[in-house]
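protein27.cif (mmCIF, C-alpha atoms and all ligand atoms) appears below.
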```cif
data_target
loop_
_atom_site.group_PDB
_atom_site.id
_atom_site.type_symbol
_atom_site.label_atom_id
_atom_site.label_comp_id
_atom_site.auth_asym_id
_atom_site.auth_seq_id
_atom_site.Cartn_x
_atom_site.Cartn_y
_atom_site.Cartn_z
ATOM 1 C CA MET A 39 59.312 -18.102 70.215
ATOM 2 C CA THR A 40 61.120 -15.563 72.339
ATOM 3 C CA ALA A 41 59.042 -14.076 75.166
ATOM 4 C CA MET A 42 58.925 -10.284 75.142
ATOM 5 C CA ASN A 43 58.296 -7.752 77.851
ATOM 6 C CA TRP A 44 55.708 -5.869 75.829
ATOM 7 C CA GLY A 45 54.799 -3.700 78.834
ATOM 8 C CA THR A 46 57.973 -1.675 78.283
ATOM 9 C CA LEU A 47 56.956 -0.999 74.667
ATOM 10 C CA ILE A 48 53.446 0.056 75.635
ATOM 11 C CA SER A 49 54.854 2.347 78.363
ATOM 12 C CA ALA A 50 57.320 3.874 75.895
ATOM 13 C CA VAL A 51 54.491 4.550 73.432
ATOM 14 C CA ASP A 52 52.379 6.112 76.183
ATOM 15 C CA ALA A 53 55.283 8.251 77.390
ATOM 16 C CA HIS A 54 56.153 9.847 74.029
ATOM 17 C CA ASP A 55 54.265 11.945 71.490
ATOM 18 C CA SER A 56 56.133 11.702 68.202
ATOM 19 C CA PHE A 57 57.618 8.636 66.528
ATOM 20 C CA LEU A 58 59.787 8.238 63.449
ATOM 21 C CA LEU A 59 59.948 4.749 61.951
ATOM 22 C CA SER A 60 62.779 3.552 59.753
ATOM 23 C CA SER A 61 64.368 0.380 58.426
ATOM 24 C CA HIS A 62 67.238 -1.014 56.407
ATOM 25 C CA LEU A 63 68.483 0.093 52.992
ATOM 26 C CA SER A 64 67.142 -1.809 49.986
ATOM 27 C CA LEU A 65 63.591 -2.108 51.289
ATOM 28 C CA ASP A 66 61.812 -5.458 51.224
ATOM 29 C CA GLY A 67 58.334 -6.748 52.013
ATOM 30 C CA ASP A 68 59.102 -7.441 55.668
ATOM 31 C CA CYS A 69 60.527 -4.027 56.487
ATOM 32 C CA VAL A 70 57.736 -2.237 54.584
ATOM 33 C CA GLY A 71 54.940 -4.398 56.025
ATOM 34 C CA SER A 72 56.247 -4.132 59.597
ATOM 35 C CA GLN A 73 56.651 -0.370 59.396
ATOM 36 C CA LEU A 74 53.145 0.130 57.994
ATOM 37 C CA ALA A 75 51.633 -2.113 60.688
ATOM 38 C CA LEU A 76 53.375 -0.256 63.504
ATOM 39 C CA LEU A 77 52.549 3.117 61.923
ATOM 40 C CA TRP A 78 48.866 2.177 62.058
ATOM 41 C CA TYR A 79 49.189 1.206 65.741
ATOM 42 C CA LEU A 80 50.920 4.463 66.737
ATOM 43 C CA LYS A 81 48.364 6.561 64.847
ATOM 44 C CA SER A 82 45.523 4.571 66.433
ATOM 45 C CA LYS A 83 46.966 5.647 69.795
ATOM 46 C CA GLY A 84 46.729 9.285 68.680
ATOM 47 C CA LYS A 85 50.484 9.663 68.232
ATOM 48 C CA LYS A 86 52.300 11.695 65.639
ATOM 49 C CA ALA A 87 54.047 9.063 63.537
ATOM 50 C CA ALA A 88 55.973 9.071 60.254
ATOM 51 C CA ILE A 89 58.200 6.761 58.237
ATOM 52 C CA PHE A 90 61.496 7.780 56.685
ATOM 53 C CA CYS A 91 63.680 5.361 54.729
ATOM 54 C CA ALA A 92 66.860 6.260 52.888
ATOM 55 C CA ASP A 93 65.951 4.029 49.932
ATOM 56 C CA PRO A 94 62.700 4.089 47.918
ATOM 57 C CA ILE A 95 59.888 1.586 48.380
ATOM 58 C CA PRO A 96 59.932 -1.057 45.611
ATOM 59 C CA ARG A 97 57.114 -0.434 43.133
ATOM 60 C CA LYS A 98 55.619 -3.896 43.688
ATOM 61 C CA LEU A 99 54.918 -3.034 47.343
ATOM 62 C CA THR A 100 53.087 0.210 46.608
ATOM 63 C CA PHE A 101 49.732 -1.640 46.590
ATOM 64 C CA LEU A 102 49.896 -1.732 50.406
ATOM 65 C CA GLU A 103 47.640 0.831 52.037
ATOM 66 C CA ASN A 104 49.516 3.908 53.287
ATOM 67 C CA SER A 105 52.694 2.867 51.430
ATOM 68 C CA GLU A 106 52.840 6.431 50.054
ATOM 69 C CA LEU A 107 53.612 7.516 53.619
ATOM 70 C CA ILE A 108 57.035 5.852 53.374
ATOM 71 C CA THR A 109 58.998 8.922 52.350
ATOM 72 C CA GLN A 110 62.555 9.584 51.321
ATOM 73 C CA ASN A 111 62.249 13.205 52.455
ATOM 74 C CA GLU A 112 64.868 13.729 55.138
ATOM 75 C CA PRO A 113 63.190 14.693 58.419
ATOM 76 C CA ASN A 114 63.908 18.304 59.402
ATOM 77 C CA GLU A 115 62.376 18.219 62.868
ATOM 78 C CA ASN A 116 62.956 16.341 66.093
ATOM 79 C CA PHE A 117 61.085 13.180 67.078
ATOM 80 C CA ASP A 118 60.711 11.823 70.627
ATOM 81 C CA ALA A 119 61.279 8.255 69.552
ATOM 82 C CA LEU A 120 63.049 6.485 66.720
ATOM 83 C CA VAL A 121 61.682 2.996 66.000
ATOM 84 C CA ILE A 122 63.881 0.846 63.793
ATOM 85 C CA LEU A 123 62.356 -2.309 62.368
ATOM 86 C CA ASP A 124 63.877 -5.348 60.648
ATOM 87 C CA CYS A 125 67.403 -3.968 60.902
ATOM 88 C CA SER A 126 70.278 -5.864 62.545
ATOM 89 C CA ASN A 127 72.397 -2.784 63.214
ATOM 90 C CA ILE A 128 71.744 0.937 63.208
ATOM 91 C CA LYS A 129 74.225 1.663 60.408
ATOM 92 C CA ARG A 130 71.993 -0.224 57.977
ATOM 93 C CA ILE A 131 69.345 2.521 58.097
ATOM 94 C CA GLY A 132 71.750 4.495 55.902
ATOM 95 C CA TRP A 133 71.145 7.952 57.442
ATOM 96 C CA ASP A 134 72.304 9.913 60.483
ATOM 97 C CA HIS A 135 69.674 9.449 63.188
ATOM 98 C CA GLY A 136 71.287 12.149 65.339
ATOM 99 C CA LYS A 137 69.507 14.801 63.268
ATOM 100 C CA ILE A 138 66.116 13.952 64.786
ATOM 101 C CA ASN A 139 67.523 14.003 68.322
ATOM 102 C CA PRO A 140 65.498 11.031 69.642
ATOM 103 C CA LYS A 141 65.016 10.596 73.394
ATOM 104 C CA ILE A 142 64.624 6.859 72.913
ATOM 105 C CA ILE A 143 65.534 4.296 70.256
ATOM 106 C CA ILE A 144 63.311 1.227 69.937
ATOM 107 C CA ASN A 145 64.652 -1.779 68.054
ATOM 108 C CA ILE A 146 62.201 -4.407 66.744
ATOM 109 C CA ASP A 147 63.741 -7.200 64.689
ATOM 110 C CA HIS A 148 64.296 -10.889 64.011
ATOM 111 C CA HIS A 149 67.925 -11.022 62.774
ATOM 112 C CA ARG A 150 70.014 -13.242 65.033
ATOM 113 C CA ASP A 151 73.021 -10.935 64.546
ATOM 114 C CA ASN A 152 71.053 -7.924 65.840
ATOM 115 C CA THR A 153 73.388 -5.773 67.940
ATOM 116 C CA ASP A 154 70.704 -4.721 70.490
ATOM 117 C CA PHE A 155 71.425 -1.096 69.583
ATOM 118 C CA GLY A 156 68.169 0.240 71.031
ATOM 119 C CA ASP A 157 67.254 1.578 74.448
ATOM 120 C CA LEU A 158 64.486 -0.991 74.152
ATOM 121 C CA ASN A 159 65.140 -4.150 72.137
ATOM 122 C CA PHE A 160 62.494 -6.562 70.914
ATOM 123 C CA VAL A 161 64.494 -9.096 68.933
ATOM 124 C CA ASP A 162 63.088 -12.551 68.266
ATOM 125 C CA PRO A 163 65.565 -14.576 66.166
ATOM 126 C CA THR A 164 63.093 -17.486 66.095
ATOM 127 C CA ALA A 165 60.619 -15.388 64.082
ATOM 128 C CA ALA A 166 60.687 -15.856 60.301
ATOM 129 C CA ALA A 167 59.915 -12.147 59.816
ATOM 130 C CA THR A 168 59.718 -8.929 61.800
ATOM 131 C CA GLY A 169 56.051 -8.973 60.787
ATOM 132 C CA LEU A 170 55.617 -11.981 63.103
ATOM 133 C CA VAL A 171 57.120 -10.021 66.012
ATOM 134 C CA ILE A 172 54.615 -7.209 65.391
ATOM 135 C CA PHE A 173 51.797 -9.759 65.095
ATOM 136 C CA SER A 174 52.798 -11.251 68.469
ATOM 137 C CA PHE A 175 52.790 -7.758 69.977
ATOM 138 C CA PHE A 176 49.255 -7.126 68.713
ATOM 139 C CA ARG A 177 47.945 -10.579 69.638
ATOM 140 C CA GLU A 178 49.515 -10.802 73.120
ATOM 141 C CA ASN A 179 48.161 -7.371 74.010
ATOM 142 C CA GLY A 180 44.656 -7.805 72.652
ATOM 143 C CA ILE A 181 45.161 -5.180 69.937
ATOM 144 C CA ASP A 182 42.608 -5.680 67.133
ATOM 145 C CA PHE A 183 43.796 -4.371 63.783
ATOM 146 C CA PRO A 184 42.079 -3.650 60.457
ATOM 147 C CA LEU A 185 42.332 -5.641 57.226
ATOM 148 C CA HIS A 186 44.955 -3.374 55.633
ATOM 149 C CA VAL A 187 47.282 -4.057 58.570
ATOM 150 C CA ALA A 188 46.631 -7.798 58.195
ATOM 151 C CA GLU A 189 47.686 -7.420 54.529
ATOM 152 C CA SER A 190 50.903 -5.655 55.542
ATOM 153 C CA LEU A 191 51.769 -8.381 58.047
ATOM 154 C CA TYR A 192 50.909 -11.156 55.582
ATOM 155 C CA THR A 193 53.157 -9.517 52.963
ATOM 156 C CA ALA A 194 55.965 -9.298 55.535
ATOM 157 C CA VAL A 195 55.811 -13.020 56.311
ATOM 158 C CA MET A 196 55.223 -14.124 52.719
ATOM 159 C CA THR A 197 58.233 -12.218 51.377
ATOM 160 C CA ASP A 198 60.688 -13.127 54.168
ATOM 161 C CA THR A 199 59.879 -16.817 53.670
ATOM 162 C CA GLY A 200 60.390 -16.404 49.903
ATOM 163 C CA GLY A 201 56.710 -17.111 49.248
ATOM 164 C CA PHE A 202 56.617 -19.867 51.917
ATOM 165 C CA GLN A 203 59.539 -21.833 50.521
ATOM 166 C CA PHE A 204 62.573 -21.150 52.761
ATOM 167 C CA SER A 205 63.532 -23.294 55.752
ATOM 168 C CA ASN A 206 62.134 -20.554 58.037
ATOM 169 C CA THR A 207 58.602 -21.418 56.836
ATOM 170 C CA SER A 208 57.531 -22.627 60.283
ATOM 171 C CA ALA A 209 54.223 -23.690 61.784
ATOM 172 C CA ARG A 210 54.212 -20.298 63.491
ATOM 173 C CA ALA A 211 54.655 -18.416 60.202
ATOM 174 C CA LEU A 212 51.948 -20.439 58.468
ATOM 175 C CA GLY A 213 49.682 -20.272 61.523
ATOM 176 C CA VAL A 214 49.865 -16.494 61.612
ATOM 177 C CA CYS A 215 49.226 -16.298 57.865
ATOM 178 C CA SER A 216 46.270 -18.633 58.315
ATOM 179 C CA GLU A 217 44.820 -16.280 60.931
ATOM 180 C CA LEU A 218 45.452 -13.261 58.688
ATOM 181 C CA THR A 219 43.734 -15.079 55.811
ATOM 182 C CA ALA A 220 40.761 -15.814 58.069
ATOM 183 C CA MET A 221 40.576 -12.054 58.687
ATOM 184 C CA GLY A 222 40.074 -11.539 54.958
ATOM 185 C CA VAL A 223 43.536 -11.259 53.403
ATOM 186 C CA ASP A 224 43.374 -12.221 49.716
ATOM 187 C CA CYS A 225 46.473 -14.446 49.369
ATOM 188 C CA ALA A 226 46.269 -14.775 45.579
ATOM 189 C CA ARG A 227 46.008 -11.007 45.124
ATOM 190 C CA ILE A 228 49.010 -10.339 47.341
ATOM 191 C CA TYR A 229 51.069 -13.038 45.619
ATOM 192 C CA GLU A 230 50.237 -11.518 42.237
ATOM 193 C CA LYS A 231 51.088 -7.977 43.373
ATOM 194 C CA VAL A 232 54.450 -9.001 44.819
ATOM 195 C CA TYR A 233 55.647 -11.723 42.447
ATOM 196 C CA SER A 234 53.744 -11.361 39.168
ATOM 197 C CA SER A 235 53.594 -7.681 38.347
ATOM 198 C CA HIS A 236 56.792 -6.844 36.514
ATOM 199 C CA THR A 237 57.326 -3.908 34.209
ATOM 200 C CA ARG A 238 58.664 -4.667 30.717
ATOM 201 C CA GLU A 239 61.954 -3.041 31.680
ATOM 202 C CA GLY A 240 62.069 -5.044 34.900
ATOM 203 C CA LEU A 241 61.487 -8.322 33.086
ATOM 204 C CA THR A 242 64.089 -7.410 30.458
ATOM 205 C CA LEU A 243 66.526 -6.833 33.304
ATOM 206 C CA LEU A 244 65.756 -10.263 34.728
ATOM 207 C CA SER A 245 66.356 -11.889 31.340
ATOM 208 C CA ARG A 246 69.792 -10.230 31.206
ATOM 209 C CA VAL A 247 70.602 -11.399 34.728
ATOM 210 C CA TRP A 248 69.431 -14.959 33.939
ATOM 211 C CA SER A 249 71.785 -15.007 30.952
ATOM 212 C CA THR A 250 74.770 -14.688 33.323
ATOM 213 C CA LEU A 251 73.970 -18.022 35.021
ATOM 214 C CA GLN A 252 77.077 -20.034 35.911
ATOM 215 C CA PHE A 253 77.898 -23.130 37.944
ATOM 216 C CA HIS A 254 81.080 -23.513 39.983
ATOM 217 C CA ILE A 255 82.852 -25.960 42.301
ATOM 218 C CA ASP A 256 81.472 -29.219 40.961
ATOM 219 C CA GLY A 257 77.984 -27.765 40.531
ATOM 220 C CA LYS A 258 77.619 -27.034 44.255
ATOM 221 C CA VAL A 259 77.612 -23.278 43.703
ATOM 222 C CA CYS A 260 75.458 -21.313 41.267
ATOM 223 C CA SER A 261 75.883 -17.636 40.464
ATOM 224 C CA MET A 262 74.176 -14.814 38.628
ATOM 225 C CA ASP A 263 75.501 -11.309 38.115
ATOM 226 C CA MET A 264 74.049 -7.859 37.537
ATOM 227 C CA PRO A 265 76.414 -5.054 36.482
ATOM 228 C CA LEU A 266 74.765 -1.887 37.828
ATOM 229 C CA SER A 267 75.507 -0.148 34.523
ATOM 230 C CA ILE A 268 72.792 -2.156 32.730
ATOM 231 C CA LEU A 269 70.040 -0.489 34.794
ATOM 232 C CA ASP A 270 70.347 2.774 32.881
ATOM 233 C CA GLU A 271 70.849 0.973 29.597
ATOM 234 C CA ILE A 272 67.565 -0.922 30.023
ATOM 235 C CA GLY A 273 65.662 1.749 31.945
ATOM 236 C CA ALA A 274 65.056 -0.666 34.823
ATOM 237 C CA LYS A 275 65.189 0.004 38.548
ATOM 238 C CA TYR A 276 67.500 -1.604 41.092
ATOM 239 C CA SER A 277 64.468 -2.929 42.945
ATOM 240 C CA ASP A 278 63.336 -4.790 39.799
ATOM 241 C CA SER A 279 66.035 -7.349 40.597
ATOM 242 C CA GLU A 280 64.819 -7.978 44.143
ATOM 243 C CA GLY A 281 64.222 -11.658 44.774
ATOM 244 C CA MET A 282 66.499 -12.798 41.918
ATOM 245 C CA ALA A 283 68.999 -14.128 44.455
ATOM 246 C CA ASP A 284 66.458 -16.759 45.447
ATOM 247 C CA ASN A 285 66.767 -18.277 41.968
ATOM 248 C CA THR A 286 70.448 -19.057 42.533
ATOM 249 C CA ILE A 287 69.644 -22.123 44.672
ATOM 250 C CA ILE A 288 66.842 -23.692 42.661
ATOM 251 C CA ALA A 289 69.081 -26.037 40.646
ATOM 252 C CA ASP A 290 69.550 -29.676 41.736
ATOM 253 C CA GLY A 291 72.840 -30.288 43.505
ATOM 254 C CA VAL A 292 73.462 -26.633 44.347
ATOM 255 C CA GLU A 293 74.241 -25.906 48.004
ATOM 256 C CA VAL A 294 75.072 -22.200 47.813
ATOM 257 C CA GLY A 295 73.747 -19.509 45.494
ATOM 258 C CA ILE A 296 75.471 -16.224 44.742
ATOM 259 C CA MET A 297 73.822 -13.138 43.283
ATOM 260 C CA THR A 298 76.275 -10.326 42.625
ATOM 261 C CA LYS A 299 75.582 -6.683 41.841
ATOM 262 C CA HIS A 300 78.646 -4.733 40.960
ATOM 263 C CA SER A 301 80.000 -1.346 39.986
ATOM 264 C CA LEU A 302 83.555 -0.899 38.736
ATOM 265 C CA GLU A 303 84.902 -0.573 42.286
ATOM 266 C CA GLU A 304 82.585 -2.614 44.450
ATOM 267 C CA THR A 305 80.882 -6.010 44.406
ATOM 268 C CA HIS A 306 77.834 -6.795 46.531
ATOM 269 C CA PHE A 307 76.991 -10.437 47.245
ATOM 270 C CA SER A 308 73.594 -11.849 48.133
ATOM 271 C CA LEU A 309 74.209 -15.376 49.372
ATOM 272 C CA ARG A 310 71.650 -18.168 49.617
ATOM 273 C CA SER A 311 71.987 -21.631 51.115
ATOM 274 C CA LYS A 312 69.864 -24.757 50.991
ATOM 275 C CA GLY A 313 70.742 -25.319 54.660
ATOM 276 C CA LYS A 314 74.046 -27.206 54.943
ATOM 277 C CA ILE A 315 76.235 -24.101 54.734
ATOM 278 C CA ASP A 316 75.584 -21.189 57.113
ATOM 279 C CA VAL A 317 75.963 -18.227 54.755
ATOM 280 C CA GLY A 318 75.147 -15.762 57.550
ATOM 281 C CA LYS A 319 78.266 -16.819 59.492
ATOM 282 C CA LEU A 320 80.274 -16.806 56.303
ATOM 283 C CA ALA A 321 79.133 -13.320 55.274
ATOM 284 C CA LYS A 322 79.964 -11.979 58.716
ATOM 285 C CA THR A 323 83.644 -12.825 58.205
ATOM 286 C CA ILE A 324 83.704 -10.691 55.032
ATOM 287 C CA PHE A 325 83.863 -6.910 55.388
ATOM 288 C CA GLY A 326 81.104 -6.618 57.960
ATOM 289 C CA GLY A 327 78.438 -8.601 56.131
ATOM 290 C CA GLY A 328 75.743 -10.594 57.885
ATOM 291 C CA GLY A 329 72.262 -12.033 57.744
ATOM 292 C CA HIS A 330 70.426 -15.272 58.321
ATOM 293 C CA SER A 331 71.833 -18.813 57.976
ATOM 294 C CA CYS A 332 70.052 -19.321 54.637
ATOM 295 C CA ALA A 333 70.105 -15.749 53.260
ATOM 296 C CA ALA A 334 72.847 -13.219 53.851
ATOM 297 C CA GLY A 335 74.829 -10.470 52.184
ATOM 298 C CA CYS A 336 78.219 -8.790 52.142
ATOM 299 C CA THR A 337 80.165 -6.331 50.053
ATOM 300 C CA MET A 338 83.762 -6.502 48.818
ATOM 301 C CA PRO A 339 85.427 -3.210 47.866
ATOM 302 C CA MET A 340 86.897 -4.581 44.644
ATOM 303 C CA PRO A 341 85.954 -5.321 41.031
ATOM 304 C CA TYR A 342 83.712 -8.272 40.182
ATOM 305 C CA GLU A 343 86.321 -10.734 38.847
ATOM 306 C CA GLU A 344 88.584 -10.335 41.860
ATOM 307 C CA ALA A 345 85.744 -10.424 44.389
ATOM 308 C CA MET A 346 84.181 -13.480 42.763
ATOM 309 C CA GLY A 347 87.533 -15.317 42.824
ATOM 310 C CA LYS A 348 87.822 -14.617 46.544
ATOM 311 C CA MET A 349 84.280 -15.699 47.261
ATOM 312 C CA LEU A 350 84.682 -18.981 45.359
ATOM 313 C CA ASP A 351 87.912 -19.744 47.289
ATOM 314 C CA ILE A 352 86.066 -19.171 50.568
ATOM 315 C CA LEU A 353 83.158 -21.336 49.474
ATOM 316 C CA GLU A 354 85.391 -24.158 48.231
ATOM 317 C CA LYS A 355 87.093 -24.353 51.640
ATOM 318 C CA GLU A 356 83.735 -24.229 53.400
ATOM 319 C CA LEU A 357 82.251 -26.979 51.198
ATOM 320 C CA GLU A 358 85.369 -29.126 51.771
ATOM 321 C CA SER A 359 85.207 -28.677 55.529
ATOM 322 C CA LYS A 360 81.562 -29.745 55.525
ATOM 323 C CA LEU A 361 82.509 -32.815 53.412
ATOM 324 C CA LEU A 362 80.230 -31.642 50.615
ATOM 325 C CA LEU A 363 82.926 -32.101 47.962
ATOM 326 C CA VAL A 364 83.904 -35.618 46.891
HETATM 327 MN MN MN B 1 63.044 -9.432 57.816
#
```

Encoded form using C-alpha cells:
Amino acid sequence: MTAMNWGTLISAVDAHDSFLLSSHLSLDGDCVGSQLALLWYLKSKGKKAAIFCADPIPRKLTFLENSELITQNEPNENFDALVILDCSNIKRIGWDHGKINPKIIINIDHHRDNTDFGDLNFVDPTAAATGLVIFSFFRENGIDFPLHVAESLYTAVMTDTGGFQFSNTSARALGVCSELTAMGVDCARIYEKVYSSHTREGLTLLSRVWSTLQFHIDGKVCSMDMPLSILDEIGAKYSDSEGMADNTIIADGVEVGIMTKHSLEETHFSLRSKGKIDVGKLAKTIFGGGGHSCAAGCTMPMPYEEAMGKMLDILEKELESKLLLV
C-alpha cells in the first residue's frame, strides 16, 4: 500500500470552491464508483462539484445513487479544480480540459502506467481499484461516509477485480469490502445489478459475440470478436458488451485472452492474461496502449483480419520467449 500525503489533497479542497470530476472513456464500475464517492465528499464540504464524462454511464451502473449526476453535457463554465479519477493519462478523458480553465489538476488513480499528469498526484499502483484509494483517503482522515457511498466504493472494487476473481483480489481489497459490507452494503443486490441485469438486446449481443469464439497458438490464446456494425442491427449498446473480455481467459490451457471490437478501419483489443504474460507491457508497445499486467487494451488503425494477424504474431513470440509453447 502506497503511503499518501493526504494533507495536500485536503488543503487543495479547502483552497478551491468549484470542482469538476472526470474519468476515462468507456466508463466502468471503478471510475463511476470512485467519482460518485468523491462527489459526495466534495459536496459534504460545501463545495460546488459536478461530474462530466465524454462517454455515457453503462445502464447497469445507474442503480448507484446520484449516478444521474454523471452527465455528458459539455461544461460551459470554468472550474477551479479538475479531478481525474481512474485514468492513467489525461488524453483518456476524451475531451479538452482547457475549456474549463482549471487552476489545479488532481490525479487519483491506481494504474501503474499513470503519467503523473496532475499538479497533485495520488497514484497507488498496489490498489486493486481507484475505489480503494478513495477508501484509504476517507479512512486515514477519519471521514465517515453514508451507505450510498459505501455501495459506490464496493461496486468499484467488485468490478475492477472482475467480481473478486482476478489476481488483484488481495486481502486489502477483500478487507475493505468486508468493512463496507459491515456498514450495510447488500453484496447480492450489487452483484445482481452489475452482472445479472441484461436487456434482451444486450444478451442477444453477447450470444453473437460468444459465437465468434476461437482458439489460437496451440490453445494458449482465445479470442472473441464484436464488429461494431452489429450494435445497430441488434439494437444493443456498446456498453452491453462490457466484461465480455473476461470470458476470453476462462478456458483451460489459455494464457492470453483477446476481445476485439472493430470498425472497417480500426481494431480495438482488450487483452486478458492469467498471469504468466504481462499484457500491460505488451499493449504499451502497440500504438500507445496500456493497462494492468492482467488486463490491458490497445488499438490498431487497421482492419480486423490484419490487426488480428499482427497480434497473434506478437503473442506467439511472447509465449515462445516465456517457454509457454512446447
Ligand atoms: Mn480502475

Figure out the distance between atom CA of Val232 of chain A and atom CA of Lys98 of chain A, please, to one decimal in Å.
->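 Rounded to one decimal, the two atoms are 5.4 Å apart.
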
Listing only residues of chain A within 8 Å of ligand MN 1 (chain B), what is the closest atom pair and its distance in Å (to one decimal) for each, using only C-alpha atoms and all ligand atoms, sorted by chain and residue number ascending, as a Markdown table?
```
| residue | atom | partner | partner_atom | distance |
| --- | --- | --- | --- | --- |
| A:Asp66 | CA | B:MN1 | MN | 7.8 |
| A:Gly67 | CA | B:MN1 | MN | 7.9 |
| A:Asp68 | CA | B:MN1 | MN | 4.9 |
| A:Cys69 | CA | B:MN1 | MN | 6.1 |
| A:Asp124 | CA | B:MN1 | MN | 5.0 |
| A:Cys125 | CA | B:MN1 | MN | 7.6 |
| A:Asp147 | CA | B:MN1 | MN | 7.3 |
| A:His148 | CA | B:MN1 | MN | 6.5 |
| A:His149 | CA | B:MN1 | MN | 7.1 |
| A:Ala166 | CA | B:MN1 | MN | 7.3 |
| A:Ala167 | CA | B:MN1 | MN | 4.6 |
| A:Thr168 | CA | B:MN1 | MN | 5.2 |
| A:Gly169 | CA | B:MN1 | MN | 7.6 |
| A:Ala194 | CA | B:MN1 | MN | 7.4 |
| A:Asp198 | CA | B:MN1 | MN | 5.7 |
```

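Considering the residues A:His54, A:Lys81, A:His330, A:His254 and counting all atoms listed in the file, Phe183 of chain A has its shortest atom-to-atom contact with A:Lys81.
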
Near-Tyr233 of chain A list (12 Å; all atoms listed in the file; drop same-chain fewer than 5 positions) as a VMD selection string = chain A and resid 67 96 to 99 193 196 to 197 200 to 201 225 to 228 240 to 241 278 to 282

Spatial sel., origin (62.1, -2.5, 71.5), limit 12 Å, only C-alpha atoms, listed as a PyMOL selection string = chain A and resi 42-51+119-125+142-148+152+154-162+168+171-172+175

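In this model, the gap between atom CA of Leu59 of chain A and atom CA of Leu76 of chain A comes to 8.4 Å.
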
Selection: 12 Å around segment 350-363 of chain A, only C-alpha atoms, excl. self and same-chain fewer than 4 positions, as a ChimeraX atom specification | /A:253-261,291-296,307,309-311,313-317,319-321,323-324,342-346

Distance of atom CA of Ala283 of chain A from atom CA of Thr242 of chain A, expressed in Å to one decimal place |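 One can read the atom CA of Thr242 of chain A to atom CA of Ala283 of chain A distance as 16.3 Å.
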
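With distances taken over all atoms listed in the file, A:Ala165 is the one residue among A:Ile95, A:Ala165, A:Met262, A:Leu269 lying closest to Ala209 of chain A.
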
Fewer than 6 positions away in the same chain doesn't count, so skip those; otherwise give me all residues within 10 Å of Lys137 of chain A, counting all atoms listed in the file, as a list in words.
->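 Non-adjacent residues within range: Glu112, Pro113, Asn114, Glu115, Asn116 and Phe117 of chain A.
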
Include C-alpha atoms and write out the residues we just selected as an mmCIF file, in the frame of the given file.
```cif
data_model
loop_
_atom_site.group_PDB
_atom_site.id
_atom_site.type_symbol
_atom_site.label_atom_id
_atom_site.label_comp_id
_atom_site.auth_asym_id
_atom_site.auth_seq_id
_atom_site.Cartn_x
_atom_site.Cartn_y
_atom_site.Cartn_z
ATOM 1 C CA GLU A 112 64.868 13.729 55.138
ATOM 2 C CA PRO A 113 63.190 14.693 58.419
ATOM 3 C CA ASN A 114 63.908 18.304 59.402
ATOM 4 C CA GLU A 115 62.376 18.219 62.868
ATOM 5 C CA ASN A 116 62.956 16.341 66.093
ATOM 6 C CA PHE A 117 61.085 13.180 67.078
#
```

Which residues fall under the PyMOL selection byres (((chain A and resi 223) around 7) and not hetatm) in this file, as a VMD selection string?
-> chain A and resid 185 188 to 189 218 to 219 221 to 222 224 to 225

Return the single residue from A:Thr286, A:Ser249, A:Gln110, A:Thr298 that is closest to Leu266 of chain A, with distances computed using only C-alpha atoms.
-> A:Thr298

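Shortest separation to Gly213 of chain A among A:Trp248, A:Phe101, A:Phe173, A:Tyr229 occurs at residue A:Phe173, atoms counted being only C-alpha atoms.
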
Got a sec: who's within 8 Å of Leu74 of chain A, counting only C-alpha atoms, leaving out chain neighbours fewer than 6 positions off, as a count of residues only?
-> 4

Output as JSON the centre and edge lengths (Å, one decimal) of the box along x, y and z of the file that holds every listed atom of segment 208-227 of chain A after adding 8 Å on each side.
```
{"center_x": 48.8, "center_y": -17.3, "center_z": 54.3, "size_x": 33.5, "size_y": 28.7, "size_z": 34.4}
```
